[in-house]
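Peer 1: Just one file: my_file_29.tsv, with TSV, N, CA and C atoms and all ligand atoms.
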```tsv
chain	number	residue	atom	x	y	z
A	1	MET	N	72.03	119.20	144.94
A	1	MET	CA	72.96	118.44	144.08
A	1	MET	C	72.51	118.47	142.62
A	2	ARG	N	71.19	118.67	142.42
A	2	ARG	CA	70.67	118.59	141.07
A	2	ARG	C	71.21	119.74	140.21
A	3	ILE	N	71.55	120.82	140.86
A	3	ILE	CA	72.02	122.00	140.11
A	3	ILE	C	73.34	121.70	139.39
A	4	LEU	N	74.11	120.77	139.95
A	4	LEU	CA	75.37	120.38	139.29
A	4	LEU	C	75.11	119.74	137.93
A	5	ILE	N	74.06	118.93	137.91
A	5	ILE	CA	73.71	118.26	136.64
A	5	ILE	C	73.31	119.30	135.60
A	6	TRP	N	72.53	120.27	136.05
A	6	TRP	CA	72.11	121.33	135.14
A	6	TRP	C	73.31	122.14	134.66
A	7	LEU	N	74.21	122.37	135.59
A	7	LEU	CA	75.41	123.13	135.25
A	7	LEU	C	76.22	122.39	134.18
A	8	ALA	N	76.38	121.08	134.40
A	8	ALA	CA	77.12	120.27	133.43
A	8	ALA	C	76.44	120.31	132.07
A	9	LEU	N	75.11	120.22	132.08
A	9	LEU	CA	74.33	120.25	130.85
A	9	LEU	C	74.53	121.58	130.14
A	10	PHE	N	74.52	122.65	130.93
A	10	PHE	CA	74.69	124.00	130.40
A	10	PHE	C	76.05	124.13	129.71
A	11	VAL	N	77.07	123.62	130.39
A	11	VAL	CA	78.43	123.68	129.82
A	11	VAL	C	78.48	122.90	128.51
A	12	LEU	N	77.84	121.75	128.50
A	12	LEU	CA	77.83	120.93	127.29
A	12	LEU	C	77.16	121.67	126.14
A	13	VAL	N	76.06	122.32	126.44
A	13	VAL	CA	75.34	123.07	125.40
A	13	VAL	C	76.21	124.20	124.87
A	14	ILE	N	76.89	124.89	125.77
A	14	ILE	CA	77.78	125.98	125.36
A	14	ILE	C	78.88	125.45	124.43
A	15	LEU	N	79.45	124.32	124.83
A	15	LEU	CA	80.53	123.73	124.03
A	15	LEU	C	80.01	123.32	122.65
A	16	ALA	N	78.81	122.74	122.63
A	16	ALA	CA	78.23	122.32	121.35
A	16	ALA	C	77.98	123.51	120.45
A	17	LEU	N	77.49	124.59	121.04
A	17	LEU	CA	77.23	125.81	120.27
A	17	LEU	C	78.52	126.39	119.71
A	18	LYS	N	79.54	126.37	120.54
A	18	LYS	CA	80.84	126.89	120.11
A	18	LYS	C	81.36	126.11	118.90
A	19	LYS	N	81.22	124.78	118.99
A	19	LYS	CA	81.66	123.93	117.89
A	19	LYS	C	80.89	124.26	116.62
A	20	LYS	N	79.58	124.46	116.79
A	20	LYS	CA	78.72	124.74	115.65
A	20	LYS	C	79.14	126.06	115.00
A	21	ILE	N	79.41	127.04	115.81
A	21	ILE	CA	79.81	128.36	115.29
A	21	ILE	C	81.13	128.22	114.54
A	22	GLN	N	82.04	127.43	115.07
A	22	GLN	CA	83.35	127.26	114.42
A	22	GLN	C	83.18	126.60	113.05
A	23	THR	N	82.31	125.58	112.98
A	23	THR	CA	82.15	124.86	111.71
A	23	THR	C	81.41	125.71	110.70
A	24	VAL	N	80.58	126.64	111.19
A	24	VAL	CA	79.83	127.49	110.26
A	24	VAL	C	80.75	128.56	109.68
A	25	SER	N	81.65	129.09	110.52
A	25	SER	CA	82.47	130.21	110.06
A	25	SER	C	83.76	129.75	109.37
A	26	SER	N	84.09	128.48	109.48
A	26	SER	CA	85.37	128.03	108.93
A	26	SER	C	85.41	127.83	107.42
A	27	PRO	N	84.32	127.36	106.78
A	27	PRO	CA	84.48	127.10	105.32
A	27	PRO	C	84.57	128.36	104.49
A	28	GLU	N	85.63	129.12	104.77
A	28	GLU	CA	85.84	130.36	104.02
A	28	GLU	C	86.48	130.08	102.67
A	29	ARG	N	87.23	128.99	102.62
A	29	ARG	CA	87.96	128.71	101.38
A	29	ARG	C	87.02	128.38	100.23
A	30	GLU	N	85.80	127.92	100.57
A	30	GLU	CA	84.87	127.60	99.50
A	30	GLU	C	84.35	128.86	98.83
A	31	GLN	N	84.31	129.95	99.61
A	31	GLN	CA	83.81	131.20	99.06
A	31	GLN	C	84.88	131.90	98.23
A	32	LYS	N	86.12	131.57	98.50
A	32	LYS	CA	87.21	132.22	97.77
A	32	LYS	C	87.16	131.84	96.30
A	33	PRO	N	87.24	132.83	95.42
A	33	PRO	CA	87.29	132.51	93.99
A	33	PRO	C	88.63	131.88	93.62
A	34	ALA	N	88.61	131.07	92.61
A	34	ALA	CA	89.84	130.40	92.19
A	34	ALA	C	90.83	131.43	91.68
A	35	PRO	N	92.10	131.26	91.97
A	35	PRO	CA	93.12	132.20	91.48
A	35	PRO	C	93.15	132.19	89.96
A	36	PRO	N	93.16	133.37	89.35
A	36	PRO	CA	93.11	133.45	87.88
A	36	PRO	C	94.37	132.91	87.22
A	37	ALA	N	95.51	133.09	87.87
A	37	ALA	CA	96.76	132.67	87.27
A	37	ALA	C	97.08	131.22	87.65
A	38	ALA	N	97.04	130.32	86.68
A	38	ALA	CA	97.36	128.93	86.94
A	38	ALA	C	98.87	128.74	86.94
A	39	GLY	N	99.34	127.78	87.70
A	39	GLY	CA	100.77	127.51	87.74
A	39	GLY	C	101.52	128.55	88.55
A	40	ASN	N	100.80	129.32	89.34
A	40	ASN	CA	101.43	130.34	90.18
A	40	ASN	C	101.65	129.76	91.58
A	41	GLY	N	102.35	128.65	91.65
A	41	GLY	CA	102.50	127.97	92.93
A	41	GLY	C	101.54	126.80	92.99
A	42	THR	N	101.98	125.69	93.54
A	42	THR	CA	101.17	124.48	93.53
A	42	THR	C	100.44	124.25	94.85
A	43	ARG	N	100.36	125.26	95.68
A	43	ARG	CA	99.72	125.09	96.98
A	43	ARG	C	98.24	124.80	96.83
A	44	ALA	N	97.57	125.51	95.93
A	44	ALA	CA	96.13	125.31	95.75
A	44	ALA	C	95.89	124.10	94.88
A	45	GLY	N	95.90	122.93	95.48
A	45	GLY	CA	95.74	121.70	94.73
A	45	GLY	C	94.32	121.52	94.22
A	46	GLU	N	93.36	122.17	94.89
A	46	GLU	CA	91.96	121.97	94.50
A	46	GLU	C	91.66	122.63	93.16
A	47	ALA	N	92.26	123.80	92.96
A	47	ALA	CA	91.92	124.59	91.79
A	47	ALA	C	92.82	124.26	90.61
A	48	GLU	N	93.72	123.30	90.80
A	48	GLU	CA	94.68	123.03	89.75
A	48	GLU	C	94.03	122.30	88.58
A	49	THR	N	94.57	122.51	87.41
A	49	THR	CA	94.07	121.85	86.22
A	49	THR	C	94.44	120.37	86.28
A	50	MET	N	93.49	119.51	85.94
A	50	MET	CA	93.77	118.08	85.95
A	50	MET	C	93.96	117.61	84.51
A	51	VAL	N	94.95	116.77	84.35
A	51	VAL	CA	95.20	116.22	83.02
A	51	VAL	C	95.09	114.70	83.08
A	52	CYS	N	94.77	114.11	81.95
A	52	CYS	CA	94.54	112.66	81.90
A	52	CYS	C	95.80	111.95	81.42
A	53	CYS	N	96.16	110.88	82.09
A	53	CYS	CA	97.30	110.07	81.67
A	53	CYS	C	96.91	109.30	80.42
A	54	ALA	N	97.73	109.38	79.39
A	54	ALA	CA	97.41	108.73	78.12
A	54	ALA	C	97.54	107.22	78.22
A	55	ALA	N	98.24	106.72	79.24
A	55	ALA	CA	98.46	105.28	79.38
A	55	ALA	C	97.39	104.62	80.23
A	56	CYS	N	97.06	105.21	81.37
A	56	CYS	CA	96.11	104.55	82.28
A	56	CYS	C	94.85	105.38	82.53
A	57	GLN	N	94.72	106.52	81.87
A	57	GLN	CA	93.52	107.35	81.97
A	57	GLN	C	93.24	107.83	83.39
A	58	VAL	N	94.30	107.97	84.18
A	58	VAL	CA	94.16	108.51	85.52
A	58	VAL	C	94.37	110.01	85.47
A	59	TYR	N	93.58	110.73	86.23
A	59	TYR	CA	93.70	112.19	86.23
A	59	TYR	C	94.69	112.62	87.31
A	60	ILE	N	95.65	113.47	86.89
A	60	ILE	CA	96.64	113.98	87.83
A	60	ILE	C	96.75	115.48	87.66
A	61	PRO	N	97.18	116.18	88.69
A	61	PRO	CA	97.39	117.63	88.57
A	61	PRO	C	98.42	117.94	87.51
A	62	ALA	N	98.20	119.00	86.76
A	62	ALA	CA	99.07	119.35	85.64
A	62	ALA	C	100.52	119.51	86.08
A	63	SER	N	100.72	119.98	87.31
A	63	SER	CA	102.10	120.22	87.76
A	63	SER	C	102.83	118.91	88.02
A	64	GLU	N	102.07	117.81	88.29
A	64	GLU	CA	102.72	116.53	88.58
A	64	GLU	C	102.79	115.64	87.36
A	65	ALA	N	102.18	116.08	86.28
A	65	ALA	CA	102.12	115.25	85.08
A	65	ALA	C	103.48	115.21	84.39
A	66	VAL	N	103.70	114.11	83.66
A	66	VAL	CA	104.92	113.98	82.86
A	66	VAL	C	104.52	114.23	81.41
A	67	TYR	N	105.20	115.18	80.79
A	67	TYR	CA	104.85	115.55	79.43
A	67	TYR	C	105.81	114.90	78.45
A	68	LYS	N	105.22	114.27	77.46
A	68	LYS	CA	106.03	113.66	76.42
A	68	LYS	C	105.35	113.92	75.10
A	69	GLY	N	105.98	114.75	74.30
A	69	GLY	CA	105.34	115.15	73.05
A	69	GLY	C	104.06	115.90	73.37
A	70	ARG	N	102.94	115.46	72.75
A	70	ARG	CA	101.66	116.12	73.01
A	70	ARG	C	100.89	115.42	74.12
A	71	GLN	N	101.38	114.28	74.57
A	71	GLN	CA	100.64	113.50	75.56
A	71	GLN	C	101.09	113.84	76.98
A	72	THR	N	100.20	113.57	77.91
A	72	THR	CA	100.54	113.73	79.33
A	72	THR	C	100.40	112.37	80.01
A	73	TYR	N	101.29	112.14	80.96
A	73	TYR	CA	101.29	110.86	81.68
A	73	TYR	C	101.37	111.10	83.17
A	74	CYS	N	100.95	110.09	83.95
A	74	CYS	CA	100.92	110.25	85.39
A	74	CYS	C	102.31	110.04	85.99
A	75	CYS	N	103.16	109.31	85.29
A	75	CYS	CA	104.50	109.05	85.82
A	75	CYS	C	105.46	108.76	84.66
A	76	GLU	N	106.74	108.77	84.97
A	76	GLU	CA	107.77	108.51	83.96
A	76	GLU	C	107.60	107.12	83.35
A	77	GLU	N	107.18	106.18	84.20
A	77	GLU	CA	107.01	104.80	83.74
A	77	GLU	C	106.05	104.72	82.56
A	78	HIS	N	104.89	105.34	82.75
A	78	HIS	CA	103.87	105.29	81.70
A	78	HIS	C	104.33	106.05	80.47
A	79	ALA	N	105.08	107.12	80.69
A	79	ALA	CA	105.58	107.90	79.56
A	79	ALA	C	106.53	107.05	78.72
A	80	SER	N	107.40	106.30	79.38
A	80	SER	CA	108.36	105.48	78.64
A	80	SER	C	107.68	104.25	78.05
A	81	GLN	N	106.63	103.75	78.74
A	81	GLN	CA	105.87	102.62	78.23
A	81	GLN	C	105.25	102.96	76.89
A	82	ALA	N	104.60	104.13	76.85
A	82	ALA	CA	103.93	104.57	75.63
A	82	ALA	C	104.95	104.84	74.54
A	83	ASP	N	106.15	105.25	74.96
A	83	ASP	CA	107.21	105.53	74.02
A	83	ASP	C	107.66	104.26	73.32
A	84	ALA	N	107.69	103.16	74.07
A	84	ALA	CA	108.18	101.90	73.54
A	84	ALA	C	107.25	101.33	72.48
A	85	HIS	N	105.95	101.62	72.58
A	85	HIS	CA	104.98	101.05	71.66
A	85	HIS	C	105.12	101.61	70.26
B	101	ZN	ZN	99.43	106.44	83.94
```
Starting from the file, give its structure as structure tokens.
Ligand SMILES: [Zn+2]
Peer 2:
Amino acid sequence: MRILIWLALFVLVILALKKKIQTVSSPEREQKPAPPAAGNGTRAGEAETMVCCAACQVYIPASEAVYKGRQTYCCEEHASQADAH
């Protein structure tokens, strides 16, 4: 009966090794260089340029920012707020 315990242990070790191999081989995206052309699709959120909101100093992706004059804002609300001042 003891062999069953060993068998179970063996399977567990195999599964653990498999998981380890998967986690080692998966972070391929970190090795990928950032795309040279910015604004070529917003899928790559990590590599996107971040801009600072002039009203609340929150950083947002350039594609989601609201532009008003030379300033950038995180939302229309802040853009109109700054406009009113
Ligand atoms: Zn803001």
Peer 1: 6 Å from ligand ZN 101 (chain B) is the threshold here; counting all atoms listed in the file, which polymer residues fall inside it? Answer as a list of chain:residue names.
Peer 2: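 Written in the requested form, the residues are A:Cys53, A:Ala54, A:Ala55, A:Cys56, A:Gln57, A:Val58, A:Tyr73, A:Cys74, A:Cys75, A:His78.
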Peer 1: To one decimal place, how far is atom CA of A:Val66 from atom CA of A:Glu48 in Å?
Peer 2: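 So the answer is 15.3 Å.
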Peer 1: For the atom pair atom N of A:Pro61 and atom C of A:Thr49, what is the interatomic distance in Å to one decimal place?
Peer 2: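 About the pair atom N of A:Pro61 and atom C of A:Thr49: they are 5.6 Å apart.
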Peer 1: Calculate how many Å separate atom CA of A:Arg2 from atom CA of A:Leu15, rounding to one decimal.
Peer 2: 20.3 Å
Peer 1: Can you list, as a PyMOL selection string, every protein, DNA or RNA residue that comes within 6 Å of A:Tyr59 when you count only C-alpha atoms, leaving out same-chain residues fewer than 5 positions away?
Peer 2: chain A and resi 50-52
